[in-house]
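A short write-up of the structure that comes next.
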Amino acid sequence: MRLDRWFSLHYPQVPFGRLQKLLRTGQVRVDKGRVKASTRLSAGQVVRVPPVDDKPVPEQKPEHNRREDAQFLRDLILYEDDDLYVFNKPHGLAVQGGSGTKRHIDGMLKSLPDKKGEAPRLVHRLDRDTSGCLLVAKTRAVASHFGGVFRSRSARKIYWAIVAGVPNPAQGTISCFLAKKPTRDGEQVVVVEKGFKGAQHSMSHYSVTENAARKLSWVTLKPVTGRTHQLRVHMMNLGTPILDDPRYFEMDDWNWQAPEGLGRGLHLHARRLALPLRSGKRLDISAPLPPHMQKTFDMLGFDAARYDVQKIDPEDA
């Protein structure tokens with residue numbers, strides 16, 4: 001179980017933001033070592049928990065708010081079975097809470113409990129400004145199973161992006177080491193040398209589907225690893241940053257000007273998710289483009305329907 005999940009189960013009075021602070025300051029440790037919220041616990045490990053206020057759990061949301069959250073999530077469902085949901089996560093909505101983030105998918109999942117009162121659980125995550133396919137398990141056991149599927153790389157994830165310029169070569173693989181670097185407004189992920197403290201290997205495949213006057217390109221991306229901001233940093237490092245990326249694409253620094261009439265917002269979309277189900281069948285689901293990306297596609301003359309991801313893969317076209 002992830003450490004943040006363990007805390008929500010045993011110390012529900014500790015909100016996610018406070019847990020993050022306790023972790024940053026080293027007050028929470030596992031086997032005497034510093035850890036992150038995403039650290040997975042194993043049987044027999046010792047979790048050091050500092051004194052925490054025994055304040056009551058914050059009052060539950062009013063029933064009408066829970067109903068609104070439940071309806072909001074149901075409207076996002078792309079696929080559902082006895083084990084899981086696949087939601088079409090909107091652009092701009094956080095998946096998990098954090099400092100200053102009150103509305104997020106993880107919190108709203110409490111509005112969809114099963115008959116035993118257990119809320120669905122996230123299997124993977126998307127950045128706040130990334131839209132598209134998000135897998136959510138209905139129980140802890142199912143989440144553990146599909147977490148293993150993702151770790152074994154049996155799940156196939158395909159993203160669509162609009163980038164500045166045209167990647168060269170038009171198809172290839174990006175393999176490098178990434179590390180987080182503290183900044184004034186959070187963390188920045190940067191490319192580092194192997195052996196750098198905190199460095200993690202990352203790999204993505206990419207392929208140019210179409211380009212518009214060599215000014216902008218529609219790119220298909222297939223991450224092999226799942227590092228924070230991986231695709232965004234890979235595209236920046238290739239010299240073709242993702243359009244409207246607020247952290248990795250300062251247009252003034254790149255001496256680049258966007259054409260008029262484009263949609264506004266990060267142009268990165270988790271288009272397709274394919275993975276084996278526990279039934280033995282294979283799920284293959286795709287999410288429609290968010291409004292701001294559809295506006296850009298229309299303006300540039302890109303036709304998403306030309307590449308129906310259920311029938312043909314742009315990389316193979």
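Chains: A, B, ... in order of the structure tokens. Residues: from 1 per chain. Ligands: from 1, in order shown.
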
Among stretch 5-108 of chain A, which ones does DSSP assign to helix (DSSP H, G or I) (computed from the backbone)? Answer as JSON, numbers by chain. {"A": [5, 6, 7, 8, 9, 10, 16, 17, 18, 19, 20, 21, 22, 23, 24, 63, 64, 65, 66, 67, 68, 69, 70, 71, 72, 73, 74, 105, 106, 107, 108]}

Polymer residues at most 12 Å from A:Tyr79, only C-alpha atoms, same-chain spacing of 6 or more positions, as a ChimeraX atom specification: /A:73,85-88,133-137,273-274,283-287

Among the residues A:Ile105, A:Val142, A:Leu9, A:Met1, the one that comes closest to A:Ala43 [using only C-alpha atoms]: A:Met1

Write out as a VMD selection string all residues of stretch 4-239 of chain A that DSSP puts in strand (DSSP E or B) for this structure's backbone. chain A and resid 29 to 30 33 to 34 40 47 to 48 77 to 80 84 to 89 94 98 101 104 121 to 122 131 to 137 156 to 164 171 to 183 186 to 192 200 to 212 216 to 223

Excluding A:Leu41 and any residue of its chain fewer than 6 positions from it, enumerate the residues within 12 Å of it, using only C-alpha atoms, and give them as a list in words. Met1, Arg2, Leu3, Asp4, Arg5, Trp6, Phe7, Arg29, Val30, Asp31, Val35 and Val47 of chain A

Atom CA of A:Phe249 to atom CA of A:His124, distance in Å rounded to a single decimal: 25.1 Å

Please list as a list in words every residue within 12 Å of A:Lys115, counting only C-alpha atoms and excluding residues in the same chain fewer than 5 positions away. Pro120, Lys138 and Thr139 of chain A

Write the residues of the preceding selection, restricted to C-alpha atoms, as a CSV table (one decimal), in the first residue's frame.
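Below you can see out.csv, which holds the result:
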```csv
chain,number,residue,atom,x,y,z
A,120,PRO,CA,-12.7,3.6,-5.5
A,138,LYS,CA,-13.3,0.0,-7.3
A,139,THR,CA,-11.5,-1.8,-4.4
```

With distances taken over only C-alpha atoms, which of A:Thr228, A:Ser42, A:Phe16, A:Met299 is nearest to A:His104?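 Among A:Thr228, A:Ser42, A:Phe16, A:Met299, it is A:Phe16 that comes nearest to A:His104.
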
Shell of 8 Å around stretch 155-157 of chain A, only C-alpha atoms, local chain residues under 2 positions omitted, as a VMD selection string: chain A and resid 149 to 150 152 to 153 159 222 to 223 270 to 276

Rounded to one decimal in Å, what is the spacing between atom CA of A:Trp218 and atom CA of A:Val191?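 Spanning atom CA of A:Trp218 to atom CA of A:Val191 is a straight-line distance of 23.5 Å.
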
For atom CA of A:Asp106 and atom CA of A:Asp129, the interatomic separation in Å (one decimal): 15.6 Å

Which is closest to A:Gly265 among A:Ala213, A:Leu243, A:Ile162, A:Leu231, if we use only C-alpha atoms?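 When distances to A:Gly265 are compared using only C-alpha atoms, the smallest one comes from A:Leu243.
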
Using only C-alpha atoms, which residue out of A:Lys180, A:Lys215, A:Arg128, A:Arg227 lies closest to A:Thr240? A:Lys215
